[in-house]
Amino acid sequence: MQIQVRLFATYREIVGEGQLAWTLRDGTTVGQLVEAILAKYPRLLGHGNSMLLAVNQEVVRPDVVLREGDEVALLPPVSGGRR
Amino acid sequence: MIEIQRNRIDVETVVDSVRRHDAGAIVVFLGTVRADPDVRALDYEVYKPMALRTLTELVARAREKFGILELSIVHRAGRVSVGGDSVVIACAAAHRSEAFAACSWVMDEVKRIVPIWKTEAGPAKMRDRQP
């Protein structure tokens, strides 16, 4: 099955693209997808702990199973800033 | 009114969007681009469908939490120069205390959970962008 991966800010700069088409075996989880992405783009490795994951614009846990056509977003920490 | 836009935010339009006869207070917050050393502008990158969905949820939570009447949030995407408004929030309530509280809470949440990232553009980057 094929899914879309969206990358933003630091992650987009590291990978060099904001959107990737990714082919997966049925039953692949978001966490397994992220492992595959980190293996292909090892410069993302240092960011794994602060990465937030969203499927179809909703934040999910890594054990969620992906489906054909899903849009997975790897989200760096948002802007923050002082109050 | 919930919007993410590349052009300048018209503050009066945002304020008018929350006006109601049963409101006794409207609190308006403007987030503006500050001239820190070497900062000429901020570039805002937005995951728009998720940002709009998150902002909509925040408005619903603010209504429930503070009992406010109306809440509008408009955020810029793209480049905003020093002095420009990057976000405008207007909150109407029967009384000022809940309008102030909701406005402050929602701005903190926008910074915390809405997928919008900013990068600083200094003099070197500004030069790069010129044709």
# chains A, B, ... in the order shown; residues from 1 in each chain; ligands from 1
>>> interface_residues(of="chain A", to="chain B", cutoff="12 Å", atoms="only C-alpha atoms", output="VMD selection string")
chain A and resid 6 to 13 18 to 19 52 to 59 71 to 83
>>> residues_around(residues="range 75-79 of chain B", least_positions_apart="6", cutoff="9 Å", atoms="only C-alpha atoms", output="PyMOL selection string")
chain B and resi 2-9+41-46+85-89+116+121
>>> closest_residue(among="A:Leu38, A:Leu33, A:Leu44, A:Ile3", to="Ala21 in chain A", atoms="only C-alpha atoms")
A:Ile3
>>> select_by_dssp(residues="range 51-129 of chain B", states="strand (DSSP E or B)", output="VMD selection string")
chain B and resid 70 to 76 78 to 81 85 to 93 116 to 121
>>> write_last_selection(atoms="N, CA and C atoms", output="PDB file, in the first residue's frame")
ATOM      1  N   GLU B  70     -17.796  34.354  22.073  1.00  0.00           N
ATOM      2  CA  GLU B  70     -17.203  34.213  20.738  1.00  0.00           C
ATOM      3  C   GLU B  70     -15.686  34.275  20.842  1.00  0.00           C
ATOM      4  N   LEU B  71     -15.025  33.574  19.933  1.00  0.00           N
ATOM      5  CA  LEU B  71     -13.560  33.593  19.908  1.00  0.00           C
ATOM      6  C   LEU B  71     -13.096  33.457  18.466  1.00  0.00           C
ATOM      7  N   SER B  72     -12.275  34.380  18.026  1.00  0.00           N
ATOM      8  CA  SER B  72     -11.711  34.312  16.674  1.00  0.00           C
ATOM      9  C   SER B  72     -10.197  34.284  16.749  1.00  0.00           C
ATOM     10  N   ILE B  73      -9.597  33.484  15.868  1.00  0.00           N
ATOM     11  CA  ILE B  73      -8.134  33.392  15.812  1.00  0.00           C
ATOM     12  C   ILE B  73      -7.712  33.460  14.347  1.00  0.00           C
ATOM     13  N   VAL B  74      -6.831  34.403  14.043  1.00  0.00           N
ATOM     14  CA  VAL B  74      -6.284  34.486  12.690  1.00  0.00           C
ATOM     15  C   VAL B  74      -4.768  34.492  12.800  1.00  0.00           C
ATOM     16  N   HIS B  75      -4.119  33.595  12.073  1.00  0.00           N
ATOM     17  CA  HIS B  75      -2.659  33.465  12.131  1.00  0.00           C
ATOM     18  C   HIS B  75      -2.072  33.655  10.741  1.00  0.00           C
ATOM     19  N   ARG B  76      -0.903  34.271  10.706  1.00  0.00           N
ATOM     20  CA  ARG B  76      -0.217  34.438   9.424  1.00  0.00           C
ATOM     21  C   ARG B  76       0.570  33.197   9.059  1.00  0.00           C
ATOM     22  N   GLY B  78       3.850  32.224   6.154  1.00  0.00           N
ATOM     23  CA  GLY B  78       4.837  32.915   5.318  1.00  0.00           C
ATOM     24  C   GLY B  78       5.600  33.955   6.104  1.00  0.00           C
ATOM     25  N   ARG B  79       6.153  34.935   5.374  1.00  0.00           N
ATOM     26  CA  ARG B  79       7.042  35.909   6.013  1.00  0.00           C
ATOM     27  C   ARG B  79       6.296  37.093   6.623  1.00  0.00           C
ATOM     28  N   VAL B  80       6.624  37.406   7.873  1.00  0.00           N
ATOM     29  CA  VAL B  80       6.061  38.591   8.541  1.00  0.00           C
ATOM     30  C   VAL B  80       7.242  39.439   9.018  1.00  0.00           C
ATOM     31  N   SER B  81       7.284  40.679   8.575  1.00  0.00           N
ATOM     32  CA  SER B  81       8.390  41.566   8.926  1.00  0.00           C
ATOM     33  C   SER B  81       8.261  42.056  10.366  1.00  0.00           C
ATOM     34  N   ASP B  85       1.871  41.928  12.551  1.00  0.00           N
ATOM     35  CA  ASP B  85       1.079  41.036  13.406  1.00  0.00           C
ATOM     36  C   ASP B  85       1.149  39.616  12.845  1.00  0.00           C
ATOM     37  N   SER B  86       1.606  38.679  13.682  1.00  0.00           N
ATOM     38  CA  SER B  86       1.637  37.285  13.223  1.00  0.00           C
ATOM     39  C   SER B  86       0.394  36.530  13.654  1.00  0.00           C
ATOM     40  N   VAL B  87      -0.235  36.983  14.756  1.00  0.00           N
ATOM     41  CA  VAL B  87      -1.479  36.341  15.178  1.00  0.00           C
ATOM     42  C   VAL B  87      -2.393  37.382  15.823  1.00  0.00           C
ATOM     43  N   VAL B  88      -3.684  37.258  15.568  1.00  0.00           N
ATOM     44  CA  VAL B  88      -4.672  38.139  16.186  1.00  0.00           C
ATOM     45  C   VAL B  88      -5.765  37.259  16.788  1.00  0.00           C
ATOM     46  N   ILE B  89      -6.047  37.496  18.075  1.00  0.00           N
ATOM     47  CA  ILE B  89      -7.102  36.750  18.774  1.00  0.00           C
ATOM     48  C   ILE B  89      -8.093  37.761  19.332  1.00  0.00           C
ATOM     49  N   ALA B  90      -9.364  37.514  19.111  1.00  0.00           N
ATOM     50  CA  ALA B  90     -10.395  38.367  19.713  1.00  0.00           C
ATOM     51  C   ALA B  90     -11.369  37.472  20.460  1.00  0.00           C
ATOM     52  N   CYS B  91     -11.677  37.873  21.686  1.00  0.00           N
ATOM     53  CA  CYS B  91     -12.537  37.048  22.533  1.00  0.00           C
ATOM     54  C   CYS B  91     -13.625  37.916  23.157  1.00  0.00           C
ATOM     55  N   ALA B  92     -14.868  37.517  22.957  1.00  0.00           N
ATOM     56  CA  ALA B  92     -15.999  38.247  23.536  1.00  0.00           C
ATOM     57  C   ALA B  92     -16.633  37.421  24.643  1.00  0.00           C
ATOM     58  N   ALA B  93     -16.969  38.092  25.735  1.00  0.00           N
ATOM     59  CA  ALA B  93     -17.621  37.418  26.853  1.00  0.00           C
ATOM     60  C   ALA B  93     -18.572  38.404  27.530  1.00  0.00           C
ATOM     61  N   ILE B 116       2.459  25.059  13.826  1.00  0.00           N
ATOM     62  CA  ILE B 116       2.995  26.237  13.140  1.00  0.00           C
ATOM     63  C   ILE B 116       4.426  26.414  13.653  1.00  0.00           C
ATOM     64  N   TRP B 117       5.374  26.510  12.714  1.00  0.00           N
ATOM     65  CA  TRP B 117       6.781  26.638  13.107  1.00  0.00           C
ATOM     66  C   TRP B 117       7.312  27.955  12.568  1.00  0.00           C
ATOM     67  N   LYS B 118       8.134  28.608  13.392  1.00  0.00           N
ATOM     68  CA  LYS B 118       8.697  29.875  12.914  1.00  0.00           C
ATOM     69  C   LYS B 118      10.211  29.773  12.822  1.00  0.00           C
ATOM     70  N   THR B 119      10.756  30.406  11.802  1.00  0.00           N
ATOM     71  CA  THR B 119      12.211  30.532  11.720  1.00  0.00           C
ATOM     72  C   THR B 119      12.544  32.006  11.540  1.00  0.00           C
ATOM     73  N   GLU B 120      13.664  32.387  12.135  1.00  0.00           N
ATOM     74  CA  GLU B 120      14.063  33.785  12.069  1.00  0.00           C
ATOM     75  C   GLU B 120      14.742  34.065  10.736  1.00  0.00           C
ATOM     76  N   ALA B 121      14.407  35.195  10.159  1.00  0.00           N
ATOM     77  CA  ALA B 121      15.087  35.634   8.948  1.00  0.00           C
ATOM     78  C   ALA B 121      15.896  36.872   9.299  1.00  0.00           C
TER      79      ALA B 121
END
>>> select_by_dssp(residues="range 19-118 of chain B", states="alpha helix (DSSP H)", output="number ranges by chain")
B: 48-66, 96-113
>>> write_last_selection(atoms="N, CA and C atoms", output="JSON list (two decimals), in the first residue's frame")
[["chain", "number", "residue", "atom", "x", "y", "z"],
["B", 48, "LYS", "N", -1.41, 23.32, 7.35],
["B", 48, "LYS", "CA", -2.67, 24.05, 7.39],
["B", 48, "LYS", "C", -3.89, 23.21, 7.79],
["B", 49, "PRO", "N", -4.14, 22.05, 7.16],
["B", 49, "PRO", "CA", -5.37, 21.33, 7.55],
["B", 49, "PRO", "C", -5.38, 20.95, 9.03],
["B", 50, "MET", "N", -4.20, 20.56, 9.56],
["B", 50, "MET", "CA", -4.16, 20.18, 10.97],
["B", 50, "MET", "C", -4.24, 21.42, 11.87],
["B", 51, "ALA", "N", -3.61, 22.52, 11.43],
["B", 51, "ALA", "CA", -3.66, 23.75, 12.22],
["B", 51, "ALA", "C", -5.10, 24.25, 12.32],
["B", 52, "LEU", "N", -5.84, 24.22, 11.21],
["B", 52, "LEU", "CA", -7.23, 24.68, 11.24],
["B", 52, "LEU", "C", -8.08, 23.80, 12.14],
["B", 53, "ARG", "N", -7.84, 22.49, 12.06],
["B", 53, "ARG", "CA", -8.59, 21.55, 12.90],
["B", 53, "ARG", "C", -8.27, 21.79, 14.38],
["B", 54, "THR", "N", -6.99, 21.99, 14.70],
["B", 54, "THR", "CA", -6.58, 22.20, 16.09],
["B", 54, "THR", "C", -7.15, 23.51, 16.62],
["B", 55, "LEU", "N", -7.13, 24.55, 15.80],
["B", 55, "LEU", "CA", -7.68, 25.85, 16.23],
["B", 55, "LEU", "C", -9.18, 25.74, 16.50],
["B", 56, "THR", "N", -9.87, 24.99, 15.65],
["B", 56, "THR", "CA", -11.32, 24.80, 15.83],
["B", 56, "THR", "C", -11.60, 24.09, 17.16],
["B", 57, "GLU", "N", -10.77, 23.08, 17.46],
["B", 57, "GLU", "CA", -10.94, 22.36, 18.73],
["B", 57, "GLU", "C", -10.64, 23.28, 19.92],
["B", 58, "LEU", "N", -9.63, 24.14, 19.77],
["B", 58, "LEU", "CA", -9.27, 25.05, 20.85],
["B", 58, "LEU", "C", -10.42, 26.03, 21.16],
["B", 59, "VAL", "N", -11.06, 26.51, 20.11],
["B", 59, "VAL", "CA", -12.18, 27.43, 20.31],
["B", 59, "VAL", "C", -13.30, 26.73, 21.07],
["B", 60, "ALA", "N", -13.59, 25.49, 20.70],
["B", 60, "ALA", "CA", -14.64, 24.74, 21.40],
["B", 60, "ALA", "C", -14.27, 24.52, 22.86],
["B", 61, "ARG", "N", -12.99, 24.18, 23.11],
["B", 61, "ARG", "CA", -12.56, 23.96, 24.50],
["B", 61, "ARG", "C", -12.62, 25.25, 25.30],
["B", 62, "ALA", "N", -12.26, 26.37, 24.70],
["B", 62, "ALA", "CA", -12.28, 27.66, 25.39],
["B", 62, "ALA", "C", -13.71, 28.06, 25.77],
["B", 63, "ARG", "N", -14.64, 27.80, 24.84],
["B", 63, "ARG", "CA", -16.06, 28.10, 25.13],
["B", 63, "ARG", "C", -16.52, 27.33, 26.36],
["B", 64, "GLU", "N", -16.16, 26.04, 26.39],
["B", 64, "GLU", "CA", -16.59, 25.17, 27.47],
["B", 64, "GLU", "C", -15.92, 25.55, 28.79],
["B", 65, "LYS", "N", -14.63, 25.82, 28.71],
["B", 65, "LYS", "CA", -13.81, 26.07, 29.91],
["B", 65, "LYS", "C", -14.13, 27.42, 30.56],
["B", 66, "PHE", "N", -14.35, 28.44, 29.72],
["B", 66, "PHE", "CA", -14.48, 29.80, 30.26],
["B", 66, "PHE", "C", -15.88, 30.40, 30.09],
["B", 96, "ARG", "N", -15.38, 40.94, 31.55],
["B", 96, "ARG", "CA", -14.00, 41.00, 31.09],
["B", 96, "ARG", "C", -13.12, 39.88, 31.66],
["B", 97, "SER", "N", -13.42, 39.42, 32.90],
["B", 97, "SER", "CA", -12.49, 38.46, 33.52],
["B", 97, "SER", "C", -12.38, 37.19, 32.69],
["B", 98, "GLU", "N", -13.52, 36.65, 32.23],
["B", 98, "GLU", "CA", -13.42, 35.41, 31.43],
["B", 98, "GLU", "C", -12.85, 35.69, 30.05],
["B", 99, "ALA", "N", -13.07, 36.89, 29.52],
["B", 99, "ALA", "CA", -12.50, 37.22, 28.20],
["B", 99, "ALA", "C", -10.98, 37.28, 28.29],
["B", 100, "PHE", "N", -10.45, 37.93, 29.35],
["B", 100, "PHE", "CA", -8.99, 37.99, 29.53],
["B", 100, "PHE", "C", -8.43, 36.58, 29.73],
["B", 101, "ALA", "N", -9.08, 35.80, 30.59],
["B", 101, "ALA", "CA", -8.56, 34.45, 30.91],
["B", 101, "ALA", "C", -8.55, 33.56, 29.68],
["B", 102, "ALA", "N", -9.65, 33.59, 28.91],
["B", 102, "ALA", "CA", -9.74, 32.72, 27.73],
["B", 102, "ALA", "C", -8.71, 33.12, 26.68],
["B", 103, "CYS", "N", -8.54, 34.43, 26.50],
["B", 103, "CYS", "CA", -7.61, 34.92, 25.49],
["B", 103, "CYS", "C", -6.18, 34.49, 25.83],
["B", 104, "SER", "N", -5.82, 34.62, 27.09],
["B", 104, "SER", "CA", -4.48, 34.23, 27.54],
["B", 104, "SER", "C", -4.28, 32.72, 27.40],
["B", 105, "TRP", "N", -5.27, 31.96, 27.83],
["B", 105, "TRP", "CA", -5.18, 30.50, 27.75],
["B", 105, "TRP", "C", -5.05, 30.04, 26.30],
["B", 106, "VAL", "N", -5.87, 30.61, 25.42],
["B", 106, "VAL", "CA", -5.88, 30.12, 24.04],
["B", 106, "VAL", "C", -4.55, 30.46, 23.34],
["B", 107, "MET", "N", -3.97, 31.61, 23.68],
["B", 107, "MET", "CA", -2.69, 31.95, 23.06],
["B", 107, "MET", "C", -1.60, 30.97, 23.49],
["B", 108, "ASP", "N", -1.60, 30.61, 24.80],
["B", 108, "ASP", "CA", -0.64, 29.61, 25.28],
["B", 108, "ASP", "C", -0.82, 28.28, 24.54],
["B", 109, "GLU", "N", -2.07, 27.89, 24.33],
["B", 109, "GLU", "CA", -2.34, 26.63, 23.64],
["B", 109, "GLU", "C", -1.92, 26.70, 22.17],
["B", 110, "VAL", "N", -2.15, 27.84, 21.54],
["B", 110, "VAL", "CA", -1.72, 28.01, 20.14],
["B", 110, "VAL", "C", -0.22, 27.76, 20.03],
["B", 111, "LYS", "N", 0.53, 28.34, 20.95],
["B", 111, "LYS", "CA", 2.00, 28.16, 20.94],
["B", 111, "LYS", "C", 2.39, 26.72, 21.25],
["B", 112, "ARG", "N", 1.57, 26.02, 22.02],
["B", 112, "ARG", "CA", 1.94, 24.70, 22.51],
["B", 112, "ARG", "C", 1.57, 23.59, 21.53],
["B", 113, "ILE", "N", 0.39, 23.66, 20.91],
["B", 113, "ILE", "CA", -0.07, 22.49, 20.16],
["B", 113, "ILE", "C", -0.44, 22.72, 18.69]]
>>> atom_distance(atom1="CA of Asp22 in chain B", atom2="CA of Ala94 in chain B")
6.3 Å
